[in-house]
$ cat model_6.txt   # compact mmCIF, C-alpha atoms and all ligand atoms
# COMPACT_ATOMS: atom_id res chain seq x y z
CA MET A 1 247.88 127.33 143.21
CA ALA A 2 251.43 128.63 142.86
CA ARG A 3 251.90 132.27 141.92
CA SER A 4 252.75 133.09 138.33
CA LYS A 5 256.24 134.36 137.60
CA ILE A 6 256.93 137.42 135.49
CA ALA A 7 260.49 138.01 134.30
CA LEU A 8 261.58 141.39 132.99
CA ILE A 9 264.67 141.50 130.78
CA GLY A 10 265.83 145.10 131.07
CA ALA A 11 265.36 146.99 134.32
CA GLY A 12 265.40 150.52 132.94
CA GLN A 13 262.55 153.02 132.84
CA ILE A 14 259.97 150.65 131.36
CA GLY A 15 261.31 147.59 133.22
CA GLY A 16 260.93 149.30 136.61
CA THR A 17 257.42 150.50 135.77
CA LEU A 18 256.45 147.02 134.56
CA ALA A 19 257.56 145.61 137.92
CA LEU A 20 255.54 148.24 139.79
CA LEU A 21 252.37 147.60 137.77
CA ALA A 22 252.74 143.80 137.94
CA GLY A 23 253.07 144.15 141.71
CA LEU A 24 250.09 146.49 142.10
CA LYS A 25 247.97 144.11 140.01
CA GLU A 26 249.28 141.08 141.94
CA LEU A 27 250.10 139.27 138.72
CA GLY A 28 252.76 137.12 140.41
CA ASP A 29 256.37 137.03 141.56
CA ILE A 30 258.70 139.31 139.67
CA VAL A 31 262.28 138.95 138.46
CA LEU A 32 264.11 142.03 137.19
CA PHE A 33 267.14 141.21 135.04
CA ASP A 34 269.68 143.68 133.65
CA VAL A 35 273.33 143.69 132.61
CA VAL A 36 274.04 146.69 134.84
CA GLU A 37 275.01 145.53 138.32
CA GLY A 38 272.93 147.02 141.11
CA THR A 39 270.09 148.50 139.04
CA PRO A 40 267.77 145.48 139.06
CA GLN A 41 268.71 144.66 142.66
CA GLY A 42 268.07 148.23 143.82
CA LYS A 43 264.74 148.50 141.99
CA ALA A 44 263.59 145.09 143.27
CA LEU A 45 264.40 146.06 146.86
CA ASP A 46 262.71 149.45 146.55
CA LEU A 47 259.58 147.79 145.14
CA ALA A 48 259.61 145.05 147.81
CA GLU A 49 259.60 147.85 150.38
CA LEU A 50 256.64 149.49 148.60
CA ALA A 51 254.60 146.26 148.77
CA PRO A 52 253.56 146.57 152.45
CA VAL A 53 252.30 150.10 151.81
CA GLU A 54 250.28 149.07 148.76
CA GLY A 55 249.33 145.72 150.28
CA PHE A 56 250.45 143.26 147.66
CA ASP A 57 252.32 139.99 148.06
CA ALA A 58 255.00 139.19 145.50
CA LYS A 59 258.57 138.00 145.65
CA LEU A 60 260.82 140.52 143.93
CA LEU A 61 264.27 139.55 142.76
CA GLY A 62 266.84 141.71 141.01
CA THR A 63 269.54 139.84 139.15
CA ASN A 64 272.32 139.86 136.55
CA ALA A 65 272.00 136.11 135.88
CA TYR A 66 269.69 134.63 133.26
CA GLU A 67 269.23 131.48 135.35
CA HIS A 68 266.82 133.38 137.59
CA LEU A 69 264.34 133.46 134.69
CA ALA A 70 263.77 129.74 135.26
CA GLY A 71 260.13 128.78 135.02
CA ALA A 72 258.86 132.27 134.11
CA ASP A 73 255.28 132.30 132.76
CA VAL A 74 255.70 135.69 131.10
CA VAL A 75 258.89 137.39 129.93
CA ILE A 76 258.83 141.05 128.90
CA VAL A 77 261.87 142.33 127.04
CA THR A 78 262.86 146.01 127.16
CA ALA A 79 266.62 145.44 127.12
CA GLY A 80 268.61 147.52 124.71
CA VAL A 81 270.00 150.94 124.11
CA PRO A 82 268.20 154.05 122.93
CA ARG A 83 269.50 156.08 120.00
CA LYS A 84 272.39 158.34 120.98
CA PRO A 85 273.53 161.46 119.10
CA GLY A 86 275.35 160.50 115.92
CA MET A 87 273.81 157.05 115.87
CA SER A 88 271.73 156.05 112.86
CA ARG A 89 268.64 153.88 113.01
CA ASP A 90 270.71 151.09 111.52
CA ASP A 91 273.40 151.47 114.21
CA LEU A 92 270.66 151.13 116.84
CA LEU A 93 269.26 148.13 115.02
CA ALA A 94 272.65 146.38 115.03
CA VAL A 95 273.20 146.97 118.76
CA ASN A 96 269.72 145.91 119.83
CA LEU A 97 269.77 142.91 117.50
CA LYS A 98 272.72 141.56 119.53
CA VAL A 99 270.72 142.16 122.71
CA MET A 100 267.77 140.21 121.24
CA GLU A 101 270.12 137.32 120.43
CA GLN A 102 271.30 137.24 124.06
CA ALA A 103 267.78 137.59 125.45
CA GLY A 104 266.46 134.94 123.04
CA ALA A 105 269.15 132.47 124.12
CA GLY A 106 268.40 133.14 127.80
CA ILE A 107 264.66 132.64 127.27
CA ALA A 108 265.19 129.46 125.25
CA LYS A 109 267.36 127.99 128.01
CA TYR A 110 265.44 129.03 131.11
CA ALA A 111 261.87 129.98 130.15
CA PRO A 112 260.92 128.07 126.98
CA ASP A 113 257.26 127.84 128.01
CA ALA A 114 256.82 131.56 128.62
CA PHE A 115 254.64 134.04 126.78
CA VAL A 116 257.15 136.62 125.56
CA ILE A 117 256.37 140.28 124.95
CA CYS A 118 258.98 142.43 123.20
CA ILE A 119 259.04 146.22 123.63
CA THR A 120 262.59 147.02 122.45
CA ASN A 121 262.80 149.24 119.36
CA PRO A 122 262.76 149.11 116.40
CA LEU A 123 259.84 147.00 117.59
CA ASP A 124 258.59 145.09 114.56
CA ALA A 125 262.11 143.92 113.66
CA MET A 126 263.23 143.23 117.23
CA VAL A 127 260.25 141.00 118.01
CA TRP A 128 260.94 139.09 114.79
CA ALA A 129 264.60 138.65 115.82
CA LEU A 130 263.64 137.64 119.36
CA GLN A 131 261.32 134.91 118.08
CA LYS A 132 264.01 133.61 115.74
CA ALA A 133 266.74 133.75 118.38
CA SER A 134 264.61 132.06 121.05
CA GLY A 135 263.04 129.47 118.77
CA LEU A 136 259.83 129.72 120.80
CA PRO A 137 256.52 129.05 119.02
CA ARG A 138 255.46 132.10 117.04
CA GLN A 139 252.12 132.43 118.83
CA LYS A 140 254.03 132.76 122.14
CA VAL A 141 256.19 135.73 121.05
CA VAL A 142 254.51 139.09 120.43
CA GLY A 143 255.42 142.74 120.21
CA MET A 144 253.84 145.61 122.12
CA ALA A 145 253.09 148.73 120.10
CA GLY A 146 249.45 148.78 119.02
CA VAL A 147 248.03 148.89 122.54
CA LEU A 148 250.14 151.98 123.19
CA ASP A 149 249.41 153.61 119.84
CA SER A 150 245.67 153.02 120.24
CA ALA A 151 245.75 154.21 123.87
CA ARG A 152 247.27 157.47 122.66
CA LEU A 153 244.56 157.77 120.00
CA ARG A 154 241.87 156.95 122.59
CA PHE A 155 243.18 159.66 124.89
CA PHE A 156 243.26 162.29 122.13
CA LEU A 157 239.73 161.37 120.97
CA ALA A 158 238.33 161.41 124.52
CA ASP A 159 239.90 164.82 125.01
CA GLU A 160 238.43 166.08 121.74
CA PHE A 161 234.91 164.90 122.62
CA ASN A 162 235.22 165.63 126.35
CA VAL A 163 234.07 162.11 127.23
CA SER A 164 235.50 159.33 129.38
CA VAL A 165 238.52 157.51 127.98
CA GLU A 166 236.73 154.32 129.02
CA ASP A 167 234.05 154.81 126.36
CA VAL A 168 236.47 155.42 123.50
CA THR A 169 237.86 152.56 121.45
CA ALA A 170 240.48 153.05 118.78
CA PHE A 171 241.99 150.90 116.15
CA VAL A 172 245.46 150.87 114.62
CA LEU A 173 247.10 148.46 112.22
CA GLY A 174 250.59 148.06 110.81
CA GLY A 175 254.06 148.84 112.10
CA HIS A 176 254.92 151.01 115.07
CA GLY A 177 255.63 154.71 114.66
CA ASP A 178 255.36 156.85 111.57
CA SER A 179 253.97 154.06 109.44
CA MET A 180 251.10 153.00 111.71
CA VAL A 181 247.68 152.84 110.08
CA PRO A 182 244.89 154.21 112.29
CA LEU A 183 241.47 153.07 111.02
CA VAL A 184 239.13 155.90 111.91
CA ARG A 185 236.02 154.04 110.75
CA TYR A 186 236.65 151.54 113.55
CA CYS A 187 237.25 154.18 116.25
CA THR A 188 234.14 154.64 118.36
CA VAL A 189 232.60 156.44 121.29
CA ALA A 190 230.35 153.93 123.08
CA GLY A 191 230.01 152.05 119.80
CA ILE A 192 229.29 155.14 117.65
CA PRO A 193 231.87 155.31 114.85
CA VAL A 194 233.89 158.54 114.62
CA PRO A 195 232.74 159.24 111.01
CA ASP A 196 229.16 159.38 112.39
CA LEU A 197 230.30 161.82 115.07
CA ILE A 198 231.82 164.01 112.34
CA ARG A 199 228.47 163.91 110.51
CA ILE A 200 226.54 165.06 113.59
CA GLY A 201 229.01 167.87 114.17
CA TRP A 202 230.90 166.64 117.25
CA THR A 203 234.16 167.30 115.43
CA SER A 204 235.49 167.89 111.92
CA GLN A 205 237.56 165.81 109.52
CA ASP A 206 240.39 168.35 109.85
CA ARG A 207 240.51 167.93 113.62
CA ILE A 208 240.49 164.14 113.30
CA ASP A 209 243.33 164.37 110.74
CA ALA A 210 245.33 166.43 113.24
CA ILE A 211 244.64 163.84 115.97
CA ILE A 212 245.84 161.05 113.69
CA ALA A 213 249.03 162.98 112.94
CA ARG A 214 249.58 163.57 116.66
CA THR A 215 249.08 159.84 117.35
CA ARG A 216 251.67 158.91 114.70
CA ASN A 217 254.05 161.34 116.36
CA GLY A 218 253.06 160.29 119.91
CA GLY A 219 256.40 158.79 120.91
CA ALA A 220 258.41 161.74 119.57
CA GLU A 221 256.17 164.25 121.36
CA VAL A 222 257.03 162.67 124.72
CA VAL A 223 260.74 162.41 123.83
CA GLU A 224 260.85 166.11 122.98
CA LEU A 225 259.36 167.01 126.34
CA LEU A 226 261.45 164.61 128.43
CA LYS A 227 264.70 165.46 126.59
CA THR A 228 266.32 162.33 128.03
CA GLY A 229 264.70 158.96 127.36
CA SER A 230 261.33 158.06 125.94
CA ALA A 231 257.83 157.29 127.22
CA PHE A 232 257.66 154.60 129.86
CA TYR A 233 254.43 154.73 131.89
CA ALA A 234 252.01 154.11 129.01
CA PRO A 235 254.28 151.58 127.25
CA ALA A 236 254.60 149.59 130.49
CA ALA A 237 250.84 149.68 131.16
CA SER A 238 250.21 148.48 127.60
CA ALA A 239 252.48 145.45 127.96
CA ILE A 240 250.94 144.62 131.34
CA ALA A 241 247.47 144.56 129.71
CA MET A 242 248.82 141.97 127.26
CA ALA A 243 250.48 139.92 130.04
CA GLU A 244 247.30 139.99 132.11
CA SER A 245 245.18 138.80 129.20
CA TYR A 246 247.53 135.83 128.78
CA LEU A 247 247.88 134.95 132.47
CA LYS A 248 244.13 135.19 133.16
CA ASP A 249 243.10 133.76 129.76
CA LYS A 250 240.96 136.86 129.29
CA LYS A 251 241.02 136.55 125.51
CA ARG A 252 241.12 140.30 125.06
CA VAL A 253 241.22 141.53 121.48
CA LEU A 254 244.30 143.74 121.41
CA PRO A 255 246.36 145.26 118.62
CA VAL A 256 249.73 143.50 118.86
CA ALA A 257 252.69 142.83 116.60
CA ALA A 258 251.96 139.20 115.73
CA ALA A 259 253.72 136.74 113.44
CA LEU A 260 251.55 136.40 110.36
CA SER A 261 251.09 133.10 108.56
CA GLY A 262 249.20 134.13 105.48
CA GLU A 263 246.86 136.68 107.05
CA TYR A 264 246.78 139.95 105.12
CA GLY A 265 248.75 138.07 102.44
CA LEU A 266 251.91 138.08 104.58
CA LYS A 267 254.16 135.37 105.93
CA ASP A 268 257.04 135.24 108.41
CA LEU A 269 256.70 138.90 109.30
CA TYR A 270 255.58 140.63 112.48
CA VAL A 271 252.99 143.32 111.84
CA GLY A 272 250.52 145.09 114.10
CA VAL A 273 247.10 143.42 113.82
CA PRO A 274 244.16 142.88 116.18
CA ALA A 275 244.55 139.54 117.92
CA VAL A 276 242.94 137.47 120.65
CA ILE A 277 245.40 137.04 123.54
CA GLY A 278 244.62 134.09 125.80
CA ALA A 279 246.27 131.17 127.55
CA ARG A 280 247.65 129.84 124.24
CA GLY A 281 249.25 133.18 123.42
CA VAL A 282 248.10 134.72 120.15
CA GLU A 283 245.00 132.57 119.67
CA ARG A 284 243.54 134.24 116.61
CA VAL A 285 244.38 137.10 114.29
CA VAL A 286 241.48 139.24 113.10
CA GLU A 287 241.77 139.63 109.34
CA LEU A 288 239.85 142.62 108.11
CA GLU A 289 238.93 143.74 104.65
CA LEU A 290 240.74 146.96 103.96
CA ASP A 291 239.58 149.54 101.45
CA ARG A 292 242.00 150.76 98.77
CA GLY A 293 243.39 153.68 100.73
CA GLU A 294 243.83 151.64 103.90
CA ARG A 295 245.48 148.80 101.98
CA ALA A 296 247.93 151.26 100.39
CA GLN A 297 248.88 152.66 103.80
CA PHE A 298 249.13 149.14 105.24
CA ASP A 299 251.39 148.02 102.37
CA GLN A 300 253.62 151.03 102.95
CA SER A 301 253.84 150.16 106.64
CA VAL A 302 254.63 146.52 105.85
CA ALA A 303 257.37 147.63 103.44
CA ALA A 304 258.97 149.65 106.25
CA VAL A 305 258.88 146.59 108.55
CA GLN A 306 260.29 144.35 105.79
CA GLY A 307 263.12 146.85 105.30
CA LEU A 308 264.07 146.54 108.97
CA VAL A 309 263.91 142.75 108.89
CA ASP A 310 266.11 142.73 105.76
CA ALA A 311 268.62 144.91 107.63
CA CYS A 312 268.61 142.35 110.49
CA LEU A 313 269.18 139.50 108.03
CA LYS A 314 272.17 141.31 106.56
CA ILE A 315 273.76 141.53 110.00
CA ALA A 316 272.69 138.09 111.24
CA PRO A 317 271.87 135.83 108.26
CA ASP A 318 271.56 132.80 110.56
CA LEU A 319 268.31 134.18 111.98
CA GLY A 320 266.65 133.59 108.62
CA ARG A 321 267.26 129.84 108.75
P1 LIG B 401 266.13 152.23 129.34
O1 LIG B 401 265.65 152.96 130.54
O2 LIG B 401 267.40 152.65 128.68
O3 LIG B 401 266.25 150.68 129.74
C1 LIG B 401 266.87 149.72 128.95
C2 LIG B 401 267.63 148.79 129.88
O4 LIG B 401 268.19 147.73 129.12
C3 LIG B 401 268.78 149.47 130.64
O5 LIG B 401 268.60 149.31 132.04
C4 LIG B 401 270.02 148.71 130.15
O6 LIG B 401 271.00 148.54 131.14
C5 LIG B 401 269.41 147.38 129.75
N1 LIG B 401 270.23 146.60 128.84
C6 LIG B 401 271.06 147.03 127.84
N2 LIG B 401 271.65 145.98 127.25
C7 LIG B 401 271.18 144.86 127.87
C8 LIG B 401 271.41 143.47 127.70
N3 LIG B 401 272.26 143.03 126.77
N4 LIG B 401 270.75 142.62 128.52
C9 LIG B 401 269.92 143.07 129.48
N5 LIG B 401 269.65 144.37 129.69
C10 LIG B 401 270.29 145.25 128.89
O7 LIG B 401 265.03 152.22 128.20
P2 LIG B 401 263.43 152.18 128.38
O8 LIG B 401 263.08 151.21 129.45
O9 LIG B 401 262.90 153.56 128.43
O10 LIG B 401 263.02 151.59 126.94
C11 LIG B 401 263.36 150.26 126.62
C12 LIG B 401 263.11 149.99 125.13
O11 LIG B 401 261.74 150.13 124.83
C13 LIG B 401 263.85 150.93 124.17
O12 LIG B 401 264.36 150.17 123.08
C14 LIG B 401 262.77 151.86 123.68
O13 LIG B 401 263.05 152.40 122.41
C15 LIG B 401 261.60 150.90 123.64
N6 LIG B 401 260.27 151.52 123.62
C16 LIG B 401 259.36 150.96 122.79
C17 LIG B 401 258.07 151.47 122.75
C18 LIG B 401 257.07 150.84 121.84
O14 LIG B 401 255.94 151.27 121.81
C19 LIG B 401 257.45 149.72 121.00
C20 LIG B 401 257.72 152.56 123.55
C21 LIG B 401 258.68 153.10 124.39
C22 LIG B 401 259.97 152.57 124.42
$ encode --input "model_6.txt" --output "structure tokens"
Amino acid sequence: MARSKIALIGAGQIGGTLALLAGLKELGDIVLFDVVEGTPQGKALDLAELAPVEGFDAKLLGTNAYEHLAGADVVIVTAGVPRKPGMSRDDLLAVNLKVMEQAGAGIAKYAPDAFVICITNPLDAMVWALQKASGLPRQKVVGMAGVLDSARLRFFLADEFNVSVEDVTAFVLGGHGDSMVPLVRYCTVAGIPVPDLIRIGWTSQDRIDAIIARTRNGGAEVVELLKTGSAFYAPAASAIAMAESYLKDKKRVLPVAAALSGEYGLKDLYVGVPAVIGARGVERVVELELDRGERAQFDQSVAAVQGLVDACLKIAPDLGR
């Protein structure tokens, strides 16, 4: 059986880490694409030279040409620019929207059968734009945010309870960042819901509230420490978990930004929801009943996502057609 092919559009901090993890997990051959000359080529060569040490077989190619995406099974998009001083969120949105249009056209031409994972921010709007620009089926284009947000929450909870991260599950809904909706009643330690652990005195509601606030602020906390750039190890690992579930048809249930078609009363919008990721892409969205408070938070999160999509439509009205 031929090896799978994983194409990475954007060979920056996350792109390089994605290539490393895909290699270590032997997910397939890897193409690193970037507009900067030398960066993808240098990273691909460095990683090819790491392969004998780690003992994995993969072809690694660095390129500035979209044609090398040809036949990719998975495409992960991190291309774009981060916010610079003096730049508003909307300025960033306009710049990265153009990048999504280019990436979408490249994917449509060379890798129309791929499963596409978007990581570029502002995530929920960029994945929407990427799907529109590529014209790929909606179940084959997803955004990575929830796996990362819930991994952060899992880490904080494991630390709080002094238990293995493996035994902690966490659950987040909604858009990425400030407006995410963590559902504490669905966070568990070995199947025991966190509210039960509060009741038996393992922690307090105040401490859980502080953990939720820290999770919402998780990206900013890393940015403040790094001073240049944003988190890249955990975001890359999160996208690789999604790619692996698709390539191996694992059917993992992961929180992803998925295109909704009526679920949660929403249409034509990408929002973070739990979904089954298998060989057909997003195979099923889990639609939960939310209580009043959760629904209010979810609606607020959806409104923030809708605002970003509206801003995209103002800049590029054609995407709406
Ligand atoms: P960075 O290291 O700057 O890499 C981005 C790469 O994109 C650079 O190598 C650029 O040269 C390249 N690039 C710019 N324009 C183009 C283009 N038109 N075509 C191809 N490549 C291009 O950033 P990073 O890897 O740290 O982060 C990448 C993106 O992920 C950013 O938008 C971050 O905000 C975002 N991010 C999202 C999350 C989520 O959880 C959603 C987490 C962390 C980062």
$ residues_near_ligand --input "model_6.txt" --ligand "ligand LIG 401 (chain B)" --cutoff "7 Å" --atoms "all atoms listed in the file" --output "ChimeraX atom specification"
/A:9-15,33-36,78-82,99,102-103,119-123,144-145,148,176,219,229-232,235
$ residues_around --input "model_6.txt" --residues "stretch 167-171 of chain A" --least-positions-apart "3" --cutoff "10 Å" --atoms "only C-alpha atoms" --output "PDB file with C-alpha atoms, in the coordinates of the input"
ATOM      1  CA  GLY A 146     249.450 148.780 119.020  1.00  0.00           C
ATOM      2  CA  VAL A 147     248.030 148.890 122.540  1.00  0.00           C
ATOM      3  CA  ASP A 149     249.410 153.610 119.840  1.00  0.00           C
ATOM      4  CA  SER A 150     245.670 153.020 120.240  1.00  0.00           C
ATOM      5  CA  ALA A 151     245.750 154.210 123.870  1.00  0.00           C
ATOM      6  CA  ARG A 152     247.270 157.470 122.660  1.00  0.00           C
ATOM      7  CA  LEU A 153     244.560 157.770 120.000  1.00  0.00           C
ATOM      8  CA  ARG A 154     241.870 156.950 122.590  1.00  0.00           C
ATOM      9  CA  PHE A 155     243.180 159.660 124.890  1.00  0.00           C
ATOM     10  CA  PHE A 156     243.260 162.290 122.130  1.00  0.00           C
ATOM     11  CA  LEU A 157     239.730 161.370 120.970  1.00  0.00           C
ATOM     12  CA  ALA A 158     238.330 161.410 124.520  1.00  0.00           C
ATOM     13  CA  PHE A 161     234.910 164.900 122.620  1.00  0.00           C
ATOM     14  CA  VAL A 163     234.070 162.110 127.230  1.00  0.00           C
ATOM     15  CA  SER A 164     235.500 159.330 129.380  1.00  0.00           C
ATOM     16  CA  VAL A 181     247.680 152.840 110.080  1.00  0.00           C
ATOM     17  CA  PRO A 182     244.890 154.210 112.290  1.00  0.00           C
ATOM     18  CA  LEU A 183     241.470 153.070 111.020  1.00  0.00           C
ATOM     19  CA  VAL A 184     239.130 155.900 111.910  1.00  0.00           C
ATOM     20  CA  ARG A 185     236.020 154.040 110.750  1.00  0.00           C
ATOM     21  CA  TYR A 186     236.650 151.540 113.550  1.00  0.00           C
ATOM     22  CA  CYS A 187     237.250 154.180 116.250  1.00  0.00           C
ATOM     23  CA  THR A 188     234.140 154.640 118.360  1.00  0.00           C
ATOM     24  CA  VAL A 189     232.600 156.440 121.290  1.00  0.00           C
ATOM     25  CA  ALA A 190     230.350 153.930 123.080  1.00  0.00           C
ATOM     26  CA  GLY A 191     230.010 152.050 119.800  1.00  0.00           C
ATOM     27  CA  ILE A 192     229.290 155.140 117.650  1.00  0.00           C
ATOM     28  CA  PRO A 193     231.870 155.310 114.850  1.00  0.00           C
ATOM     29  CA  VAL A 194     233.890 158.540 114.620  1.00  0.00           C
ATOM     30  CA  LEU A 254     244.300 143.740 121.410  1.00  0.00           C
ATOM     31  CA  PRO A 255     246.360 145.260 118.620  1.00  0.00           C
ATOM     32  CA  VAL A 273     247.100 143.420 113.820  1.00  0.00           C
ATOM     33  CA  PRO A 274     244.160 142.880 116.180  1.00  0.00           C
TER      34      PRO A 274
END
$ atom_distance --input "model_6.txt" --atom1 "atom CA of A:Ala236" --atom2 "atom CA of A:Gly16"
8.8 Å
$ closest_residue --input "model_6.txt" --among "A:Ala19, A:Ile208, A:Val276, A:Val302" --to "A:Ile6" --atoms "only C-alpha atoms"
A:Ala19
$ atom_distance --input "model_6.txt" --atom1 "atom CA of A:Glu283" --atom2 "atom CA of A:Gly28"
22.6 Å
$ closest_residue --input "model_6.txt" --among "A:Ala303, A:Leu45, A:Ile107, A:Met100" --to "A:Ala7" --atoms "all atoms listed in the file"
A:Ile107
$ residues_around --input "model_6.txt" --residues "stretch 59-74 of chain A" --least-positions-apart "6" --cutoff "9 Å" --atoms "all atoms listed in the file" --output "PDB file with C-alpha atoms, in the coordinates of the input"
ATOM      1  CA  SER A   4     252.750 133.090 138.330  1.00  0.00           C
ATOM      2  CA  LYS A   5     256.240 134.360 137.600  1.00  0.00           C
ATOM      3  CA  ILE A   6     256.930 137.420 135.490  1.00  0.00           C
ATOM      4  CA  ALA A   7     260.490 138.010 134.300  1.00  0.00           C
ATOM      5  CA  LEU A   8     261.580 141.390 132.990  1.00  0.00           C
ATOM      6  CA  ILE A   9     264.670 141.500 130.780  1.00  0.00           C
ATOM      7  CA  ALA A  11     265.360 146.990 134.320  1.00  0.00           C
ATOM      8  CA  ALA A  19     257.560 145.610 137.920  1.00  0.00           C
ATOM      9  CA  GLY A  23     253.070 144.150 141.710  1.00  0.00           C
ATOM     10  CA  GLY A  28     252.760 137.120 140.410  1.00  0.00           C
ATOM     11  CA  ASP A  29     256.370 137.030 141.560  1.00  0.00           C
ATOM     12  CA  ILE A  30     258.700 139.310 139.670  1.00  0.00           C
ATOM     13  CA  VAL A  31     262.280 138.950 138.460  1.00  0.00           C
ATOM     14  CA  LEU A  32     264.110 142.030 137.190  1.00  0.00           C
ATOM     15  CA  PHE A  33     267.140 141.210 135.040  1.00  0.00           C
ATOM     16  CA  ASP A  34     269.680 143.680 133.650  1.00  0.00           C
ATOM     17  CA  VAL A  35     273.330 143.690 132.610  1.00  0.00           C
ATOM     18  CA  VAL A  36     274.040 146.690 134.840  1.00  0.00           C
ATOM     19  CA  GLU A  37     275.010 145.530 138.320  1.00  0.00           C
ATOM     20  CA  GLY A  38     272.930 147.020 141.110  1.00  0.00           C
ATOM     21  CA  THR A  39     270.090 148.500 139.040  1.00  0.00           C
ATOM     22  CA  PRO A  40     267.770 145.480 139.060  1.00  0.00           C
ATOM     23  CA  GLN A  41     268.710 144.660 142.660  1.00  0.00           C
ATOM     24  CA  GLY A  42     268.070 148.230 143.820  1.00  0.00           C
ATOM     25  CA  LYS A  43     264.740 148.500 141.990  1.00  0.00           C
ATOM     26  CA  ALA A  44     263.590 145.090 143.270  1.00  0.00           C
ATOM     27  CA  LEU A  45     264.400 146.060 146.860  1.00  0.00           C
ATOM     28  CA  LEU A  47     259.580 147.790 145.140  1.00  0.00           C
ATOM     29  CA  ALA A  48     259.610 145.050 147.810  1.00  0.00           C
ATOM     30  CA  ALA A 103     267.780 137.590 125.450  1.00  0.00           C
ATOM     31  CA  GLY A 106     268.400 133.140 127.800  1.00  0.00           C
ATOM     32  CA  ILE A 107     264.660 132.640 127.270  1.00  0.00           C
ATOM     33  CA  LYS A 109     267.360 127.990 128.010  1.00  0.00           C
ATOM     34  CA  TYR A 110     265.440 129.030 131.110  1.00  0.00           C
ATOM     35  CA  ALA A 111     261.870 129.980 130.150  1.00  0.00           C
ATOM     36  CA  PRO A 112     260.920 128.070 126.980  1.00  0.00           C
ATOM     37  CA  ASP A 113     257.260 127.840 128.010  1.00  0.00           C
ATOM     38  CA  ALA A 114     256.820 131.560 128.620  1.00  0.00           C
ATOM     39  CA  PHE A 115     254.640 134.040 126.780  1.00  0.00           C
ATOM     40  CA  VAL A 116     257.150 136.620 125.560  1.00  0.00           C
ATOM     41  CA  ILE A 117     256.370 140.280 124.950  1.00  0.00           C
ATOM     42  CA  ALA A 243     250.480 139.920 130.040  1.00  0.00           C
ATOM     43  CA  TYR A 246     247.530 135.830 128.780  1.00  0.00           C
ATOM     44  CA  LEU A 247     247.880 134.950 132.470  1.00  0.00           C
TER      45      LEU A 247
END
$ atom_distance --input "model_6.txt" --atom1 "atom CA of A:Gly281" --atom2 "atom CA of A:Gln139"
5.5 Å
$ closest_residue --input "model_6.txt" --among "A:Ala296, A:Val309, A:Val256, A:Met1" --to "A:Ala129" --atoms "only C-alpha atoms"
A:Val309
$ closest_residue --input "model_6.txt" --among "A:Glu289, A:Asp209, A:Asp249, A:Asp268" --to "A:Gln306" --atoms "only C-alpha atoms"
A:Asp268
$ closest_residue --input "model_6.txt" --among "A:Gly104, A:Pro52, A:Gly293, A:Gly201" --to "A:Gly135" --atoms "all atoms listed in the file"
A:Gly104
$ residues_near_point --input "model_6.txt" --point "(249.5, 147.4, 113.6)" --cutoff "6 Å" --atoms "only C-alpha atoms" --output "PyMOL selection string"
chain A and resi 146+172-175+271-273
$ residues_around --input "model_6.txt" --residues "A:Leu97" --least-positions-apart "6" --cutoff "9 Å" --atoms "all atoms listed in the file" --output "count of residues only"
8
$ build_atoms --input "model_6.txt" --residues "stretch 263-273 of chain A" --atoms "N, CA and C atoms" --output "PDB file, in the frame of the given file"
ATOM      1  N   GLU A 263     247.854 135.622 106.881  1.00  0.00           N
ATOM      2  CA  GLU A 263     246.860 136.680 107.050  1.00  0.00           C
ATOM      3  C   GLU A 263     247.365 137.957 106.375  1.00  0.00           C
ATOM      4  N   TYR A 264     246.470 138.709 105.838  1.00  0.00           N
ATOM      5  CA  TYR A 264     246.780 139.950 105.120  1.00  0.00           C
ATOM      6  C   TYR A 264     247.783 139.690 103.977  1.00  0.00           C
ATOM      7  N   GLY A 265     247.853 138.417 103.533  1.00  0.00           N
ATOM      8  CA  GLY A 265     248.750 138.070 102.440  1.00  0.00           C
ATOM      9  C   GLY A 265     250.223 138.082 102.826  1.00  0.00           C
ATOM     10  N   LEU A 266     250.517 137.979 104.132  1.00  0.00           N
ATOM     11  CA  LEU A 266     251.910 138.080 104.580  1.00  0.00           C
ATOM     12  C   LEU A 266     252.333 136.837 105.337  1.00  0.00           C
ATOM     13  N   LYS A 267     253.625 136.547 105.235  1.00  0.00           N
ATOM     14  CA  LYS A 267     254.160 135.370 105.930  1.00  0.00           C
ATOM     15  C   LYS A 267     255.489 135.706 106.564  1.00  0.00           C
ATOM     16  N   ASP A 268     255.746 135.123 107.746  1.00  0.00           N
ATOM     17  CA  ASP A 268     257.040 135.240 108.410  1.00  0.00           C
ATOM     18  C   ASP A 268     257.433 136.692 108.688  1.00  0.00           C
ATOM     19  N   LEU A 269     256.441 137.498 109.004  1.00  0.00           N
ATOM     20  CA  LEU A 269     256.700 138.900 109.300  1.00  0.00           C
ATOM     21  C   LEU A 269     255.824 139.279 110.485  1.00  0.00           C
ATOM     22  N   TYR A 270     256.375 140.112 111.356  1.00  0.00           N
ATOM     23  CA  TYR A 270     255.580 140.630 112.480  1.00  0.00           C
ATOM     24  C   TYR A 270     254.986 141.975 112.102  1.00  0.00           C
ATOM     25  N   VAL A 271     253.672 142.067 112.175  1.00  0.00           N
ATOM     26  CA  VAL A 271     252.990 143.320 111.840  1.00  0.00           C
ATOM     27  C   VAL A 271     251.866 143.532 112.852  1.00  0.00           C
ATOM     28  N   GLY A 272     251.573 144.780 113.136  1.00  0.00           N
ATOM     29  CA  GLY A 272     250.520 145.090 114.100  1.00  0.00           C
ATOM     30  C   GLY A 272     249.141 144.756 113.543  1.00  0.00           C
ATOM     31  N   VAL A 273     248.449 143.848 114.231  1.00  0.00           N
ATOM     32  CA  VAL A 273     247.100 143.420 113.820  1.00  0.00           C
ATOM     33  C   VAL A 273     246.282 143.180 115.090  1.00  0.00           C
TER      34      VAL A 273
END
